[in-house]
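Notes follow once the structure below has been shown.
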Amino acid sequence: MQNLKKIHGAEPLKSSPNFSKYVVNAEKVIFAGYHSRINECSNSSQHGSTKLIARVFKPSSELTADAMYLKLLRRIGKDVAGIVQSMDIFVDTDSKEIWLFQELANAGNGNVWVGMGNVLIESQLFNLVKAVYAALDFLGSLGCCHFSIHPKHIMLFKDDKGNITGKLSSFRDAIVYWDAEKKEIIYQKCLPADKFTQRGWFRAPEVFGKEDEVFNPLDADIFSLGATLFYMATATYPFALKSVATVGIDGEIRNSIASAAGISDNAKYFLFGLMRANTKVRTNFDAIPQDPFFNPQLDVSGNEQQQPQQAQAAPEKAEEKKPDAGTPGAKEPSPVKKTDPTEKPKSGSSSPKG
């Protein structure tokens with residue numbers, strides 16, 4: 001994380017020889033909002049035939065040239081598997097606009113793609129899982145997590161043969177989860193429980209709670225990943241956002257997955273593990289590569305505990321979370337954890353680097 005802080009965000013466009021090499025197509029508007037706009041663009045001298053976008057953040061976006069979001073994008077650059085490439089980031093010091101140049105996702109985002117009547121076939125689901133896992137693993141090496149995994153933040157690419165691949169994007173909500181000095185997870189304060197039905201889409205249920213409660217953002221990312229993958233494979237959300245109470249959610253998710261068509265048993269077991277309402281039994285990040293769906297060479301035996309068999313009567317109740325007292329480094333009164341405490345980050349390495 002210290003290395004990330006030393007990276008500059010946006011460079012002044014007036015002093016950069018690269019800015020003028022980008023040709024923005026004013027006629028091809030991809031998005032136009034109050035805080036930003038997106039146009040197609042190109043830069044043949046530096047990026048050849050690669051199709052690009054130019055996203056311009058207006059001052060009303062409150063995005064500054066030294067924002068951690070921009071530093072993270074610059075650190076990611078063009079070489080991280082599973083993450084949308086960022087070519088250049090500039091700031092107009094007069095207008096305060098931020099110019100972000102990235103690769104164009106020619107098949108749109110996951111939300112739009114499903115809205116057009118598409119769903120992921122199993123091979124596409126498998127490839128997307130691999131890509132997003134690589135992206136999250138890289139973020140973990142920086143001590144960060146995404147905290148906004150959602151179909152609209154999955155960018156899709158279609159090649160000449162019609163093959164679909166995906167990459168993770170939109171890191172503006174990314175947060176630092178690892179305290180390098182204390183070598184422990186930084187738990188996050190819960191969002192208000194009464195906002196769950198409006199803001200709970202693709203977020204883990206433990207993200208919402210009381211004012212004195214906190215949650216593990218890594219566990220929350222795992223749930224969001226599962227909900228996003230299930231939605232993109234079925235065009236269905238796995239449970240109804242009626243209440244933040246986890247009792248009943250687990251059974252509802254179990255039934256949704258069990259009744260889903262076009263998904264193999266291995267994929268169902270995998271998705272159910274990611275979306276367990278109870279964090280104590282939810283698949284953790286380190287366990288994902290050991291799942292038979294992620295790694296088909298593994299034996300499928302031993303998955304009986306995770307099988308999403310449809311409930312015969314009332315949905316299975318998720319175990320109630322019994323909050324643990326205190327959180328590392330917090331001042332009194334200490335928040336209570338809505339997740340099972342852990343001593344190390346659930347990333348691909350024993351601890352984040354940097």
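To be explicit about the labels: the chains of the structure tokens are called A, B, and onward in the order shown, and within each one the residues are counted from 1, while ligands get numbers from 1 in the order they are shown.
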
Test item: residues at most 6 Å from range 97-111 of chain A, only C-alpha atoms, excluding those fewer than 5 positions along its chain, as JSON, numbers by chain: {"A": [51, 52, 53, 54, 55, 56, 57, 58, 59, 85, 86, 87, 88, 89, 90, 91, 92, 151, 152, 154, 155, 156, 157, 158]}

Generate the output file for the selected residues, C-alpha atoms, as a compact mmCIF listing (two decimals), in the first residue's frame.
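Okay, again_12.txt is ready:
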```txt
# COMPACT_ATOMS: atom_id res chain seq x y z
CA LYS A 51 -10.34 0.29 -29.59
CA LEU A 52 -10.39 2.70 -26.68
CA ILE A 53 -12.71 4.88 -24.65
CA ALA A 54 -12.16 8.36 -23.29
CA ARG A 55 -13.96 8.98 -20.01
CA VAL A 56 -14.05 12.56 -18.86
CA PHE A 57 -14.91 13.21 -15.22
CA LYS A 58 -16.38 16.64 -14.62
CA PRO A 59 -15.51 18.70 -11.51
CA GLN A 85 -6.53 -1.87 -19.22
CA SER A 86 -5.92 1.80 -18.40
CA MET A 87 -3.69 3.51 -20.93
CA ASP A 88 -3.34 7.06 -19.62
CA ILE A 89 -4.82 9.41 -17.03
CA PHE A 90 -4.66 13.19 -17.41
CA VAL A 91 -5.96 16.26 -15.61
CA ASP A 92 -6.86 19.58 -17.22
CA PRO A 151 -22.60 -7.05 -13.34
CA LYS A 152 -22.24 -3.43 -14.48
CA ILE A 154 -17.87 -6.69 -15.45
CA MET A 155 -16.78 -5.53 -18.90
CA LEU A 156 -17.27 -8.00 -21.75
CA PHE A 157 -15.23 -8.50 -24.89
CA LYS A 158 -16.26 -10.40 -28.04
```

Exercise: Phe202 in chain A partners within 8 Å, only C-alpha atoms, chain neighbours under 2 positions left out, as a PyMOL selection string: chain A and resi 149-150+200+204+223-225+227-228

Helix (DSSP H, G or I) per DSSP on the backbone: members of range 41-227 of chain A, as a PyMOL selection string: chain A and resi 44-47+59-61+68-76+110-115+122-141+151-153+193-199+205-207+217-227

Polymer residues at most 10 Å from Ala240 in chain A, only C-alpha atoms, same-chain spacing of 3 or more positions, as a PyMOL selection string: chain A and resi 197+201+237+243+249+252-253

Near-Lys14 in chain A list (12 Å; only C-alpha atoms; drop same-chain fewer than 3 positions) as a ChimeraX atom specification: /A:10-11,17-20,90-95

Could those selected residues go to a file with C-alpha atoms, as a PDB file, in the first residue's frame?
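Writing done, so here's result-v3.pdb:
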```
ATOM      1  CA  ALA A  10      -3.427  12.078 -13.191  1.00  0.00           C
ATOM      2  CA  GLU A  11      -0.670  13.966 -14.988  1.00  0.00           C
ATOM      3  CA  PRO A  17       3.210  14.733 -25.264  1.00  0.00           C
ATOM      4  CA  ASN A  18       0.850  11.757 -25.173  1.00  0.00           C
ATOM      5  CA  PHE A  19      -2.480  13.521 -24.707  1.00  0.00           C
ATOM      6  CA  SER A  20      -2.614  14.890 -28.265  1.00  0.00           C
ATOM      7  CA  PHE A  90      -4.662  13.191 -17.412  1.00  0.00           C
ATOM      8  CA  VAL A  91      -5.960  16.259 -15.606  1.00  0.00           C
ATOM      9  CA  ASP A  92      -6.865  19.582 -17.216  1.00  0.00           C
ATOM     10  CA  THR A  93      -5.534  21.971 -14.575  1.00  0.00           C
ATOM     11  CA  ASP A  94      -7.780  24.757 -15.892  1.00  0.00           C
ATOM     12  CA  SER A  95     -11.151  22.991 -16.109  1.00  0.00           C
TER      13      SER A  95
END
```

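Rounded to one decimal, CA of Phe294 in chain A and CA of Lys183 in chain A lie 29.0 Å from each other.
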
Between CA of Lys280 in chain A and CA of Ala174 in chain A - distance in Å to one decimal: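 Pair CA of Ala174 in chain A / CA of Lys280 in chain A returns 23.5 Å.
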
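The space between CA of His153 in chain A and CA of Ser45 in chain A spans 28.8 Å.
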
Apply DSSP to the backbone of this structure and, from range 91-333 of chain A, keep only the residues in strand (DSSP E); write these as a PDB file with C-alpha atoms, in the first residue's frame.
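The resulting selection21.pdb:
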```
ATOM      1  CA  VAL A  91      -5.960  16.259 -15.606  1.00  0.00           C
ATOM      2  CA  ILE A  98      -9.999  14.204 -15.416  1.00  0.00           C
ATOM      3  CA  TRP A  99      -9.371  12.316 -18.666  1.00  0.00           C
ATOM      4  CA  LEU A 100      -9.186   8.524 -18.392  1.00  0.00           C
ATOM      5  CA  PHE A 101      -8.276   6.419 -21.435  1.00  0.00           C
ATOM      6  CA  GLN A 102      -9.055   2.687 -21.284  1.00  0.00           C
ATOM      7  CA  GLU A 103      -9.648  -0.253 -23.578  1.00  0.00           C
ATOM      8  CA  CYS A 144      -7.151  -3.708  -1.316  1.00  0.00           C
ATOM      9  CA  CYS A 145     -10.513  -5.216  -2.123  1.00  0.00           C
ATOM     10  CA  ILE A 154     -17.872  -6.694 -15.450  1.00  0.00           C
ATOM     11  CA  MET A 155     -16.775  -5.534 -18.902  1.00  0.00           C
ATOM     12  CA  LEU A 156     -17.274  -8.002 -21.748  1.00  0.00           C
ATOM     13  CA  PHE A 157     -15.225  -8.499 -24.893  1.00  0.00           C
ATOM     14  CA  LYS A 158     -16.255 -10.402 -28.045  1.00  0.00           C
ATOM     15  CA  ILE A 164     -16.976 -13.791 -24.902  1.00  0.00           C
ATOM     16  CA  THR A 165     -14.454 -12.945 -22.179  1.00  0.00           C
ATOM     17  CA  GLY A 166     -14.770 -10.603 -19.224  1.00  0.00           C
ATOM     18  CA  LYS A 167     -12.677  -8.298 -17.075  1.00  0.00           C
ATOM     19  CA  LEU A 168     -13.236  -6.467 -13.801  1.00  0.00           C
ATOM     20  CA  ILE A 175     -10.901   0.066  -0.057  1.00  0.00           C
ATOM     21  CA  VAL A 176      -7.787  -0.819   1.885  1.00  0.00           C
ATOM     22  CA  TRP A 178      -5.070  -4.711   5.351  1.00  0.00           C
ATOM     23  CA  ASP A 179      -3.210  -2.901   8.129  1.00  0.00           C
ATOM     24  CA  GLU A 184      -4.553  -7.559  10.503  1.00  0.00           C
ATOM     25  CA  ILE A 185      -7.723  -6.928   8.557  1.00  0.00           C
ATOM     26  CA  GLN A 188     -15.500  -1.794   7.824  1.00  0.00           C
ATOM     27  CA  LYS A 189     -18.482  -0.149   9.480  1.00  0.00           C
ATOM     28  CA  LEU A 191     -24.190   0.394   6.214  1.00  0.00           C
ATOM     29  CA  PRO A 192     -27.618   1.127   7.763  1.00  0.00           C
ATOM     30  CA  PHE A 208     -25.789  -3.931   6.442  1.00  0.00           C
ATOM     31  CA  GLY A 209     -26.264  -3.771  10.188  1.00  0.00           C
ATOM     32  CA  GLU A 213     -21.260  -3.413  13.839  1.00  0.00           C
ATOM     33  CA  VAL A 214     -18.475  -4.007  11.337  1.00  0.00           C
ATOM     34  CA  PHE A 215     -17.805  -6.599   8.638  1.00  0.00           C
TER      35      PHE A 215
END
```

Considering only C-alpha atoms, return as an mmCIF file with C-alpha atoms, in the first residue's frame whatever protein or nucleic-acid residues lie within 12 Å of Lys28 in chain A, sequence-local ones (same chain, fewer than 5 positions apart) excluded.
```
data_model
loop_
_atom_site.group_PDB
_atom_site.id
_atom_site.type_symbol
_atom_site.label_atom_id
_atom_site.label_comp_id
_atom_site.auth_asym_id
_atom_site.auth_seq_id
_atom_site.Cartn_x
_atom_site.Cartn_y
_atom_site.Cartn_z
ATOM 1 C CA VAL A 23 -8.334 11.040 -31.133
ATOM 2 C CA ARG A 37 -19.161 11.237 -20.274
ATOM 3 C CA ILE A 38 -17.658 8.410 -22.322
ATOM 4 C CA ASN A 39 -16.730 8.500 -25.997
ATOM 5 C CA GLU A 40 -14.995 6.060 -28.298
ATOM 6 C CA CYS A 41 -11.487 7.057 -29.226
ATOM 7 C CA SER A 42 -8.254 5.750 -30.736
ATOM 8 C CA LEU A 52 -10.389 2.699 -26.676
ATOM 9 C CA ILE A 53 -12.707 4.880 -24.646
ATOM 10 C CA ALA A 54 -12.157 8.360 -23.285
#
```

Option closest in space to Leu229 in chain A, from A:Asn255, A:Ser49, A:Asn163, A:Asn127 [counting only C-alpha atoms]: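 Of the candidates, the smallest distance to Leu229 in chain A is held by A:Asn127.
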
Considering only C-alpha atoms, give me a table of residues in range 24-132 of chain A that are at most 10 Å from range 259-264 of chain A, with the closest atom pair and distance in Å for each, as a Markdown table.
```
| residue | atom | partner | partner_atom | distance |
| --- | --- | --- | --- | --- |
| A:Val119 | CA | A:Gly262 | CA | 9.9 |
| A:Leu120 | CA | A:Gly262 | CA | 9.4 |
| A:Ile121 | CA | A:Gly262 | CA | 7.4 |
| A:Glu122 | CA | A:Ile263 | CA | 6.5 |
| A:Leu125 | CA | A:Ile263 | CA | 9.5 |
```
